[in-house]
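Raw structure05.pdb, PDB, C-alpha atoms:
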```
ATOM      1  CA  MET C  10     124.374  44.471  64.120
ATOM      2  CA  LEU C  11     125.426  40.847  63.785
ATOM      3  CA  ASP C  12     125.480  41.229  60.001
ATOM      4  CA  LYS C  13     128.880  42.866  60.487
ATOM      5  CA  LEU C  14     130.217  39.455  61.492
ATOM      6  CA  PRO C  15     130.969  36.538  59.154
ATOM      7  CA  ILE C  16     127.885  34.325  58.789
ATOM      8  CA  LYS C  17     129.482  31.329  60.541
ATOM      9  CA  ILE C  18     130.361  33.425  63.588
ATOM     10  CA  ALA C  19     127.024  35.278  63.640
ATOM     11  CA  ASN C  20     125.119  31.964  63.569
ATOM     12  CA  ARG C  21     127.011  30.727  66.622
ATOM     13  CA  ILE C  22     126.509  34.001  68.511
ATOM     14  CA  ASN C  23     122.770  33.910  67.778
ATOM     15  CA  LYS C  24     122.458  30.891  70.099
ATOM     16  CA  TYR C  25     123.342  33.089  73.069
ATOM     17  CA  VAL C  26     122.141  36.609  72.188
ATOM     18  CA  ASP C  27     118.828  38.005  70.980
ATOM     19  CA  SER C  28     120.181  40.452  68.419
ATOM     20  CA  THR C  29     116.860  42.378  68.262
ATOM     21  CA  GLN C  30     116.764  43.095  71.993
ATOM     22  CA  SER C  31     120.427  43.246  73.002
ATOM     23  CA  LYS C  32     122.923  46.063  73.251
ATOM     24  CA  ILE C  33     125.687  44.893  70.930
ATOM     25  CA  GLU C  34     129.164  46.272  70.319
ATOM     26  CA  ILE C  35     131.369  44.912  67.542
ATOM     27  CA  VAL C  36     134.923  46.265  67.528
ATOM     28  CA  LYS C  37     138.388  45.505  66.231
ATOM     29  CA  THR C  38     140.681  46.988  68.827
ATOM     30  CA  THR C  39     143.613  46.293  71.156
ATOM     31  CA  ASN C  40     142.531  49.153  73.453
ATOM     32  CA  ALA C  41     139.524  48.354  75.644
ATOM     33  CA  PHE C  42     139.186  51.744  77.359
ATOM     34  CA  ASN C  43     136.694  53.063  74.798
ATOM     35  CA  LEU C  44     134.246  50.180  75.115
ATOM     36  CA  LYS C  45     130.649  51.108  75.860
ATOM     37  CA  LYS C  46     129.216  50.245  79.264
ATOM     38  CA  ASP C  47     126.247  47.945  79.978
ATOM     39  CA  SER C  48     126.614  45.902  76.799
ATOM     40  CA  ASP C  49     124.974  42.514  76.313
ATOM     41  CA  LEU C  50     127.544  41.444  73.712
ATOM     42  CA  ILE C  51     131.064  42.620  73.000
ATOM     43  CA  ALA C  52     132.685  41.042  69.940
ATOM     44  CA  ASN C  53     136.323  41.929  69.390
ATOM     45  CA  LEU C  54     137.738  40.878  66.017
ATOM     46  CA  ALA C  55     141.319  41.953  66.813
ATOM     47  CA  ILE C  56     143.496  38.991  67.745
ATOM     48  CA  VAL C  57     144.475  38.693  71.392
ATOM     49  CA  ASN C  58     148.105  38.075  70.357
ATOM     50  CA  ASN C  59     148.522  41.802  69.627
ATOM     51  CA  ILE C  60     147.153  43.042  72.959
ATOM     52  CA  ARG C  61     149.909  44.318  75.290
ATOM     53  CA  ARG C  62     148.091  43.525  78.554
ATOM     54  CA  ILE C  63     145.703  40.715  77.738
ATOM     55  CA  ASN C  64     144.209  40.199  81.186
ATOM     56  CA  LYS C  65     143.645  43.928  81.685
ATOM     57  CA  PHE C  66     141.764  43.971  78.364
ATOM     58  CA  HIS C  67     139.555  41.036  79.430
ATOM     59  CA  GLU C  68     138.953  42.694  82.827
ATOM     60  CA  ILE C  69     137.715  45.909  81.186
ATOM     61  CA  VAL C  70     135.434  43.869  78.916
ATOM     62  CA  ASN C  71     134.087  42.185  82.047
ATOM     63  CA  LYS C  72     133.268  45.579  83.600
ATOM     64  CA  SER C  73     131.660  46.786  80.367
ATOM     65  CA  LEU C  74     129.293  43.811  80.090
ATOM     66  CA  ASN C  75     126.022  43.255  81.906
ATOM     67  CA  GLN C  76     125.864  40.139  84.096
ATOM     68  CA  GLU C  77     125.770  37.039  81.851
ATOM     69  CA  GLY C  78     126.808  39.234  78.939
ATOM     70  CA  ILE C  79     128.519  37.502  76.001
ATOM     71  CA  TYR C  80     132.131  38.088  74.966
ATOM     72  CA  LEU C  81     133.568  37.010  71.601
ATOM     73  CA  SER C  82     137.355  37.050  71.248
ATOM     74  CA  CYS C  83     139.839  35.479  68.849
ATOM     75  CA  SER C  84     143.508  34.515  68.735
ATOM     76  CA  GLU C  85     146.094  32.719  66.683
ATOM     77  CA  THR C  86     147.018  29.644  68.697
ATOM     78  CA  LEU C  87     150.435  28.054  68.939
ATOM     79  CA  GLU C  88     149.352  25.218  66.642
ATOM     80  CA  GLU C  89     147.981  27.604  64.023
ATOM     81  CA  ARG C  90     151.134  29.692  64.207
ATOM     82  CA  ARG C  91     153.318  26.641  63.606
ATOM     83  CA  THR C  92     151.363  25.900  60.442
ATOM     84  CA  ARG C  93     151.668  29.511  59.214
ATOM     85  CA  VAL C  94     155.408  29.804  59.947
ATOM     86  CA  ARG C  95     156.117  26.420  58.363
ATOM     87  CA  ALA C  96     154.192  27.352  55.198
ATOM     88  CA  LYS C  97     156.104  30.573  54.562
ATOM     89  CA  THR C  98     159.591  29.236  55.432
ATOM     90  CA  PRO C  99     161.866  28.107  52.555
ATOM     91  CA  PHE C 100     162.667  24.418  52.344
ATOM     92  CA  GLY C 101     165.723  23.475  54.405
ATOM     93  CA  PHE C 102     165.285  26.317  56.925
ATOM     94  CA  LYS C 103     162.105  25.164  58.682
ATOM     95  CA  ASN C 104     163.787  23.783  61.827
ATOM     96  CA  ILE C 105     166.105  26.800  62.158
ATOM     97  CA  VAL C 106     163.276  29.309  61.774
ATOM     98  CA  ARG C 107     161.031  27.357  64.122
ATOM     99  CA  THR C 108     163.773  27.283  66.798
ATOM    100  CA  ILE C 109     164.430  31.027  66.511
ATOM    101  CA  ASP C 110     160.701  31.764  66.578
ATOM    102  CA  PHE C 111     160.282  29.533  69.647
ATOM    103  CA  ILE C 112     163.059  31.275  71.603
ATOM    104  CA  TYR C 113     162.151  34.826  70.582
ATOM    105  CA  LYS C 114     158.376  34.609  70.827
ATOM    106  CA  ARG C 115     157.830  32.031  73.563
ATOM    107  CA  VAL C 116     160.872  31.797  75.838
ATOM    108  CA  ILE C 117     162.137  35.395  76.072
ATOM    109  CA  PRO C 118     158.711  36.968  76.919
ATOM    110  CA  LYS C 119     158.539  34.702  79.985
ATOM    111  CA  LEU C 120     162.039  35.398  81.364
ATOM    112  CA  PRO C 121     162.070  38.111  84.074
ATOM    113  CA  ILE C 122     165.397  39.557  82.881
ATOM    114  CA  PHE C 123     164.390  39.929  79.217
ATOM    115  CA  LYS C 124     160.618  40.341  79.555
ATOM    116  CA  ASN C 125     160.560  44.150  79.814
ATOM    117  CA  ILE C 126     163.060  44.538  76.972
ATOM    118  CA  TYR C 127     160.982  42.260  74.749
ATOM    119  CA  PHE C 128     157.745  44.154  75.336
ATOM    120  CA  SER C 129     159.494  47.514  74.875
ATOM    121  CA  LEU C 130     160.726  46.399  71.453
ATOM    122  CA  THR C 131     157.584  44.636  70.251
ATOM    123  CA  GLY C 132     154.761  46.291  72.194
ATOM    124  CA  GLY C 133     153.460  42.772  72.766
ATOM    125  CA  ASN C 134     152.484  42.351  69.102
ATOM    126  CA  ASN C 135     152.347  38.918  67.517
ATOM    127  CA  ARG C 136     152.897  37.078  70.791
ATOM    128  CA  VAL C 137     152.670  33.271  70.790
ATOM    129  CA  ILE C 138     149.739  32.007  72.857
ATOM    130  CA  SER C 139     148.602  28.415  73.231
ATOM    131  CA  LYS C 140     144.987  27.287  73.139
ATOM    132  CA  SER C 141     144.957  26.546  76.877
ATOM    133  CA  GLU C 142     146.476  29.945  77.742
ATOM    134  CA  THR C 143     143.862  31.670  75.582
ATOM    135  CA  LEU C 144     141.024  29.858  77.364
ATOM    136  CA  GLY C 145     142.629  30.072  80.812
ATOM    137  CA  ARG C 146     143.111  33.839  80.658
ATOM    138  CA  ILE C 147     139.444  34.338  79.715
ATOM    139  CA  ILE C 148     138.244  32.109  82.561
ATOM    140  CA  SER C 149     140.557  33.837  85.068
ATOM    141  CA  CYS C 150     138.917  37.144  84.160
ATOM    142  CA  GLY C 151     135.451  36.034  85.250
ATOM    143  CA  PHE C 152     134.067  34.316  82.151
ATOM    144  CA  SER C 153     132.669  30.853  81.514
ATOM    145  CA  VAL C 154     133.628  29.418  78.129
ATOM    146  CA  LEU C 155     130.476  28.466  76.207
ATOM    147  CA  GLU C 156     132.180  27.195  73.066
ATOM    148  CA  TYR C 157     135.198  27.718  70.848
ATOM    149  CA  PHE C 158     135.863  26.974  67.200
ATOM    150  CA  GLU C 159     138.338  27.607  64.390
ATOM    151  CA  TYR C 160     137.596  29.976  61.544
ATOM    152  CA  ASN C 161     140.103  31.308  58.976
ATOM    153  CA  ASN C 162     143.021  29.858  60.968
ATOM    154  CA  LEU C 163     142.010  31.662  64.152
ATOM    155  CA  LEU C 164     140.503  30.333  67.376
ATOM    156  CA  TYR C 165     137.249  32.094  68.294
ATOM    157  CA  VAL C 166     135.978  31.860  71.869
ATOM    158  CA  ILE C 167     132.425  32.643  72.970
ATOM    159  CA  SER C 168     132.218  33.167  76.724
ATOM    160  CA  LYS C 169     129.744  34.489  79.278
ATOM    161  CA  LYS C 170     130.392  36.856  82.183
ATOM    162  CA  ILE C 171     129.618  34.999  85.411
ATOM    163  CA  LYS C 172     131.659  36.789  88.084
ATOM    164  CA  GLU C 173     134.290  39.403  88.830
ATOM    165  CA  PRO C 174     137.840  38.748  87.541
ATOM    166  CA  ASP C 175     140.351  37.000  89.814
ATOM    167  CA  TYR C 176     142.913  39.795  89.338
ATOM    168  CA  ASN C 177     145.595  37.130  89.689
ATOM    169  CA  MET C 178     148.925  38.951  90.077
ATOM    170  CA  SER C 179     151.022  35.783  90.243
ATOM    171  CA  PRO C 180     149.710  33.251  87.691
ATOM    172  CA  SER C 181     151.646  30.056  86.988
ATOM    173  CA  TYR C 182     153.689  31.570  84.181
ATOM    174  CA  GLY C 183     157.363  30.712  84.678
ATOM    175  CA  PRO C 184     159.268  27.390  84.559
ATOM    176  CA  LEU C 185     158.925  26.954  88.352
ATOM    177  CA  PHE C 186     155.536  27.582  89.898
ATOM    178  CA  LYS C 187     153.478  26.899  93.000
ATOM    179  CA  MET C 188     150.127  25.075  92.936
ATOM    180  CA  ASN C 189     147.482  25.298  95.650
ATOM    181  CA  ARG C 190     146.810  21.813  96.996
ATOM    182  CA  VAL C 191     144.803  20.287  99.859
ATOM    183  CA  GLY C 192     147.212  19.221 102.587
ATOM    184  CA  PHE C 193     147.166  17.855 106.129
ATOM    185  CA  LYS C 194     144.007  18.771 108.090
ATOM    186  CA  GLY C 195     142.556  20.335 104.944
ATOM    187  CA  GLU C 196     145.083  23.173 104.952
ATOM    188  CA  ILE C 197     145.821  24.668 101.525
ATOM    189  CA  ILE C 198     149.540  24.400 100.792
ATOM    190  CA  GLY C 199     151.621  25.696  97.881
ATOM    191  CA  VAL C 200     153.270  22.725  96.153
ATOM    192  CA  TYR C 201     156.266  23.534  93.934
ATOM    193  CA  LYS C 202     156.641  21.949  90.501
ATOM    194  CA  MET C 203     158.359  22.547  87.198
ATOM    195  CA  ARG C 204     155.950  23.660  84.509
ATOM    196  CA  THR C 205     154.632  20.904  82.252
ATOM    197  CA  MET C 206     151.537  22.781  81.085
ATOM    198  CA  TYR C 207     151.024  26.010  79.211
ATOM    199  CA  PRO C 208     150.434  29.172  81.314
ATOM    200  CA  TYR C 209     146.978  29.618  82.869
ATOM    201  CA  SER C 210     146.180  25.935  82.283
ATOM    202  CA  GLU C 211     145.005  25.515  85.866
ATOM    203  CA  TYR C 212     141.940  27.637  85.049
ATOM    204  CA  CYS C 213     140.915  25.140  82.350
ATOM    205  CA  GLN C 214     140.635  22.173  84.740
ATOM    206  CA  ASP C 215     136.834  22.052  84.958
ATOM    207  CA  LEU C 216     136.399  22.877  81.269
ATOM    208  CA  ILE C 217     138.692  20.131  80.019
ATOM    209  CA  VAL C 218     137.237  17.522  82.394
ATOM    210  CA  LYS C 219     133.772  18.407  81.106
ATOM    211  CA  GLU C 220     134.952  18.096  77.489
ATOM    212  CA  ASN C 221     137.135  14.999  77.725
ATOM    213  CA  LYS C 222     136.081  13.278  80.957
ATOM    214  CA  LEU C 223     138.659  11.288  82.908
ATOM    215  CA  SER C 224     140.750   8.366  81.734
ATOM    216  CA  GLN C 225     140.752   5.061  83.618
ATOM    217  CA  SER C 226     143.699   6.304  85.669
ATOM    218  CA  GLY C 227     141.617   9.234  86.911
ATOM    219  CA  LYS C 228     143.561  11.787  84.874
ATOM    220  CA  VAL C 229     142.250  14.002  82.099
ATOM    221  CA  ALA C 230     142.106  12.245  78.735
ATOM    222  CA  ASN C 231     143.509  14.068  75.681
ATOM    223  CA  ASP C 232     144.932  16.876  77.811
ATOM    224  CA  TYR C 233     145.884  19.659  75.367
ATOM    225  CA  ARG C 234     147.309  21.702  78.259
ATOM    226  CA  LEU C 235     150.504  19.601  78.333
ATOM    227  CA  THR C 236     153.582  20.863  76.503
ATOM    228  CA  THR C 237     155.800  18.532  74.456
ATOM    229  CA  TRP C 238     158.629  18.651  76.986
ATOM    230  CA  GLY C 239     156.085  18.446  79.794
ATOM    231  CA  ARG C 240     155.123  14.915  78.764
ATOM    232  CA  ILE C 241     158.794  13.886  78.985
ATOM    233  CA  PHE C 242     159.251  15.635  82.349
ATOM    234  CA  ARG C 243     156.208  13.821  83.738
ATOM    235  CA  LYS C 244     157.301  10.430  82.455
ATOM    236  CA  TYR C 245     160.603  10.672  84.348
ATOM    237  CA  TRP C 246     159.329  12.778  87.304
ATOM    238  CA  ILE C 247     161.663  15.661  86.474
ATOM    239  CA  ASP C 248     158.784  18.083  87.090
ATOM    240  CA  GLU C 249     158.422  16.843  90.672
ATOM    241  CA  ILE C 250     161.991  17.579  91.818
ATOM    242  CA  PRO C 251     160.976  21.008  93.282
ATOM    243  CA  MET C 252     158.468  19.206  95.543
ATOM    244  CA  PHE C 253     161.415  18.403  97.796
ATOM    245  CA  ILE C 254     161.079  22.031  98.925
ATOM    246  CA  ASN C 255     157.730  21.046 100.432
ATOM    247  CA  PHE C 256     159.302  17.891 101.856
ATOM    248  CA  PHE C 257     161.929  19.922 103.727
ATOM    249  CA  LYS C 258     159.198  22.329 104.883
ATOM    250  CA  ARG C 259     157.416  19.251 106.337
ATOM    251  CA  GLU C 260     154.342  19.879 104.187
ATOM    252  CA  LEU C 261     154.861  16.565 102.367
ATOM    253  CA  ASN C 262     156.100  13.146 103.475
ATOM    254  CA  LEU C 263     158.335  10.910 101.379
ATOM    255  CA  VAL C 264     155.431   8.418 101.069
ATOM    256  CA  GLY C 265     151.799   9.525 101.008
ATOM    257  CA  VAL C 266     148.727  10.197  98.909
ATOM    258  CA  ARG C 267     149.074  12.745  96.135
ATOM    259  CA  PRO C 268     148.311  16.367  97.100
ATOM    260  CA  LEU C 269     145.187  17.256  95.108
ATOM    261  CA  SER C 270     143.745  20.518  93.826
ATOM    262  CA  GLU C 271     140.521  21.584  95.548
ATOM    263  CA  SER C 272     138.416  20.937  92.435
ATOM    264  CA  TYR C 273     139.868  17.435  92.061
ATOM    265  CA  PHE C 274     139.702  16.771  95.815
ATOM    266  CA  PHE C 275     135.952  17.416  95.856
ATOM    267  CA  LYS C 276     135.403  14.825  93.123
ATOM    268  CA  TYR C 277     136.442  12.188  95.669
ATOM    269  CA  PRO C 278     133.823  10.415  97.847
ATOM    270  CA  LYS C 279     133.118  12.264 101.106
ATOM    271  CA  ASP C 280     134.464   9.477 103.305
ATOM    272  CA  LEU C 281     137.774   9.397 101.425
ATOM    273  CA  GLN C 282     138.013  13.204 101.601
ATOM    274  CA  GLN C 283     137.812  12.935 105.390
ATOM    275  CA  LEU C 284     140.420  10.167 105.445
ATOM    276  CA  ARG C 285     142.808  12.073 103.191
ATOM    277  CA  ILE C 286     143.074  15.124 105.448
ATOM    278  CA  LYS C 287     144.050  12.913 108.403
ATOM    279  CA  VAL C 288     147.457  12.202 106.835
ATOM    280  CA  ARG C 289     150.132  14.352 105.249
ATOM    281  CA  PRO C 290     150.398  13.976 101.425
ATOM    282  CA  GLY C 291     153.596  12.551  99.996
ATOM    283  CA  LEU C 292     156.060  12.438  97.132
ATOM    284  CA  ILE C 293     155.628   8.703  96.433
ATOM    285  CA  PRO C 294     151.924   7.776  96.287
ATOM    286  CA  PRO C 295     150.494   4.298  96.972
ATOM    287  CA  TYR C 296     149.745   4.200  93.233
ATOM    288  CA  TYR C 297     153.276   2.918  92.541
ATOM    289  CA  ALA C 298     152.991   0.192  95.156
ATOM    290  CA  ASP C 299     149.565  -1.150  94.179
ATOM    291  CA  LEU C 300     149.561  -0.272  90.436
ATOM    292  CA  PRO C 301     145.777   0.237  90.186
ATOM    293  CA  LYS C 302     144.288  -0.029  86.695
ATOM    294  CA  ASN C 303     141.462   2.514  86.912
ATOM    295  CA  PHE C 304     140.119   5.387  88.988
ATOM    296  CA  ASP C 305     138.044   3.183  91.321
ATOM    297  CA  GLU C 306     141.107   1.066  92.068
ATOM    298  CA  ILE C 307     143.107   4.229  92.768
ATOM    299  CA  LEU C 308     140.506   5.280  95.330
ATOM    300  CA  LEU C 309     140.620   1.822  96.944
ATOM    301  CA  SER C 310     144.433   1.867  96.967
ATOM    302  CA  GLU C 311     144.501   5.236  98.733
ATOM    303  CA  GLN C 312     141.886   4.148 101.262
ATOM    304  CA  LYS C 313     143.830   0.983 102.142
ATOM    305  CA  TYR C 314     147.062   2.969 102.492
ATOM    306  CA  ILE C 315     145.542   5.636 104.748
ATOM    307  CA  GLU C 316     143.773   3.113 106.992
ATOM    308  CA  SER C 317     147.040   1.185 107.385
ATOM    309  CA  LYS C 318     149.005   4.417 107.916
ATOM    310  CA  LEU C 319     146.719   5.518 110.756
ATOM    311  CA  LYS C 320     147.322   2.200 112.545
ATOM    312  CA  LYS C 321     151.033   1.648 111.805
ATOM    313  CA  PRO C 322     152.534   4.840 110.348
ATOM    314  CA  ILE C 323     156.235   3.908 110.113
ATOM    315  CA  PHE C 324     155.708   0.270 109.098
ATOM    316  CA  THR C 325     153.193   1.281 106.414
ATOM    317  CA  ASP C 326     155.458   3.902 104.837
ATOM    318  CA  VAL C 327     158.472   1.562 104.786
ATOM    319  CA  ARG C 328     156.412  -1.232 103.216
ATOM    320  CA  TYR C 329     154.899   1.029 100.543
ATOM    321  CA  PHE C 330     158.269   2.649  99.800
ATOM    322  CA  PHE C 331     159.975  -0.660  99.005
ATOM    323  CA  LYS C 332     157.001  -1.964  96.992
ATOM    324  CA  ALA C 333     157.028   1.245  94.942
ATOM    325  CA  PHE C 334     160.821   1.078  94.544
ATOM    326  CA  ILE C 335     160.641  -2.471  93.143
ATOM    327  CA  ASN C 336     157.789  -1.570  90.758
ATOM    328  CA  ILE C 337     159.556   1.543  89.457
ATOM    329  CA  VAL C 338     163.086   0.125  89.098
ATOM    330  CA  PHE C 339     162.402  -3.461  88.055
ATOM    331  CA  ARG C 340     158.921  -3.328  86.522
ATOM    332  CA  GLY C 341     159.113   0.045  84.788
ATOM    333  CA  ALA C 342     156.114   1.576  86.535
ATOM    334  CA  ARG C 343     155.431   5.103  85.268
ATOM    335  CA  SER C 344     152.765   7.730  85.729
ATOM    336  CA  SER C 345     150.265   7.638  82.873
TER     337      SER C 345
END
```

Can I see the file as structure tokens?
Amino acid sequence: MLDKLPIKIANRINKYVDSTQSKIEIVKTTNAFNLKKDSDLIANLAIVNNIRRINKFHEIVNKSLNQEGIYLSCSETLEERRTRVRAKTPFGFKNIVRTIDFIYKRVIPKLPIFKNIYFSLTGGNNRVISKSETLGRIISCGFSVLEYFEYNNLLYVISKKIKEPDYNMSPSYGPLFKMNRVGFKGEIIGVYKMRTMYPYSEYCQDLIVKENKLSQSGKVANDYRLTTWGRIFRKYWIDEIPMFINFFKRELNLVGVRPLSESYFFKYPKDLQQLRIKVRPGLIPPYYADLPKNFDEILLSEQKYIESKLKKPIFTDVRYFFKAFINIVFRGARSS
């Protein structure tokens, strides 16, 4: 059966599937309802960009596979699309065409007012999807990404079924979204931010940390989930303006440790986890007061702040606020 696939793809699949013993289905379809049940491998050679309801397609594949079954999918990523559009555009019109393509294929499909009109006109064909959205959607539908690679200007993803899909009805898709974060007393709070990452990027957290590790600052190195404008928003804290909603809801203080995702929170030492949930997170972290140089120094900075906060809450916050203010305004401190 695998001889129906290009040799390069078949060789990669062979690492995960015994083609002589497995129930294999190779298709090229945007309609998943005719897939056979109890398969060990489903390989779909139709690009995800032309599927109207991508997550629903992945969910049906999940149901059709046996546990730990293998799923091969492919897509044209944003980066590959840019190269294709640029190559076929006449000289002198590249920026104009790229702008129109960006608005029509990336902005309009995400706007509530125009979304339904767009999909009625296009049927969802030739949608623009980033690498992180491609991977994130697969992971959200109950798969673990085993590997991905480029072949003939397409991104191929080999994944394994490990659980039921999340059936997430409100993914972080629009310009303003809410992230689940660990708050005071360990309560999970929804922290508002402006989008700086591509949709579904939150599902790629563990994958990208595994691939790229963490930088000295404790953040992900070479984070391909960030958009171009997202890097600018982060540099000048524009993305954090909506967090004042949480401040007025008394879920965040003006000064305090950063609210962390659960996966990131559990990477912290146990003793610091227990300290963190004794105080309310804040908008201005001790990072900007102490200017730590690496992850270990960040942990020490947070520990010192929390221990001081528990003894002298008002004095500590005032002191850290003014130290951070001086570092930001006069020393150009920025988030890395």

Original post:
What's the 12 Å shell around range 237-242 of chain C, counting all atoms listed in the file, without same-chain residues fewer than 4 positions away, as a count of residues only?
Top reply: 17

**OP:** Could you expand the PyMOL selection byres ((chain C and resi 332) around 12) into the explicit residues it covers here, written as a ChimeraX atom specification?
**Re:** /C:264,293-300,325-331,333-340,342

Subject >> Exercise: residues within 12 Å of coordinate (146.3, 13.6, 107.3), counting only C-alpha atoms, as a ChimeraX atom specification >> reply: /C:191-196,260-262,265-268,281-291,314-316,318-319,322

Original post:
Can you list what the PyMOL selection byres ((chain C and resi 133) around 7) grabs from this structure, as a PyMOL selection string?
Top reply: chain C and resi 59-61+128+131-132+134-136

Output C-alpha atoms of each residue in that selection to a file, as a PDB file, keeping the file's coordinate frame.
```pdb
ATOM      1  CA  ASN C  59     148.522  41.802  69.627  1.00  0.00           C
ATOM      2  CA  ILE C  60     147.153  43.042  72.959  1.00  0.00           C
ATOM      3  CA  ARG C  61     149.909  44.318  75.290  1.00  0.00           C
ATOM      4  CA  PHE C 128     157.745  44.154  75.336  1.00  0.00           C
ATOM      5  CA  THR C 131     157.584  44.636  70.251  1.00  0.00           C
ATOM      6  CA  GLY C 132     154.761  46.291  72.194  1.00  0.00           C
ATOM      7  CA  ASN C 134     152.484  42.351  69.102  1.00  0.00           C
ATOM      8  CA  ASN C 135     152.347  38.918  67.517  1.00  0.00           C
ATOM      9  CA  ARG C 136     152.897  37.078  70.791  1.00  0.00           C
TER      10      ARG C 136
END
```

For range 274-280 of chain C, what centre and edge lengths in Å (one decimal) does the axis-aligned box get once 3 Å is added on each side of all its listed atoms, as JSON?
```
{"center_x": 136.4, "center_y": 13.4, "center_z": 98.2, "size_x": 12.6, "size_y": 13.9, "size_z": 16.2}
```

Can you spell out as a CSV table (one decimal) with C-alpha atoms, keeping the file's coordinate frame the set of residues that the PyMOL selection byres ((chain C and resi 209) around 9) selects in the structure I just provided?
```csv
chain,number,residue,atom,x,y,z
C,141,SER,CA,145.0,26.5,76.9
C,142,GLU,CA,146.5,29.9,77.7
C,143,THR,CA,143.9,31.7,75.6
C,144,LEU,CA,141.0,29.9,77.4
C,145,GLY,CA,142.6,30.1,80.8
C,146,ARG,CA,143.1,33.8,80.7
C,149,SER,CA,140.6,33.8,85.1
C,180,PRO,CA,149.7,33.3,87.7
C,181,SER,CA,151.6,30.1,87.0
C,182,TYR,CA,153.7,31.6,84.2
C,206,MET,CA,151.5,22.8,81.1
C,207,TYR,CA,151.0,26.0,79.2
C,208,PRO,CA,150.4,29.2,81.3
C,210,SER,CA,146.2,25.9,82.3
C,211,GLU,CA,145.0,25.5,85.9
C,212,TYR,CA,141.9,27.6,85.0
C,213,CYS,CA,140.9,25.1,82.4
```

**OP:** Would you list the contacts of Asn64 in chain C as a count of residues only, taking every protein, DNA or RNA residue within 8 Å and counting all atoms listed in the file, but skipping same-chain residues closer than 2 positions in sequence?
**Re:** 7
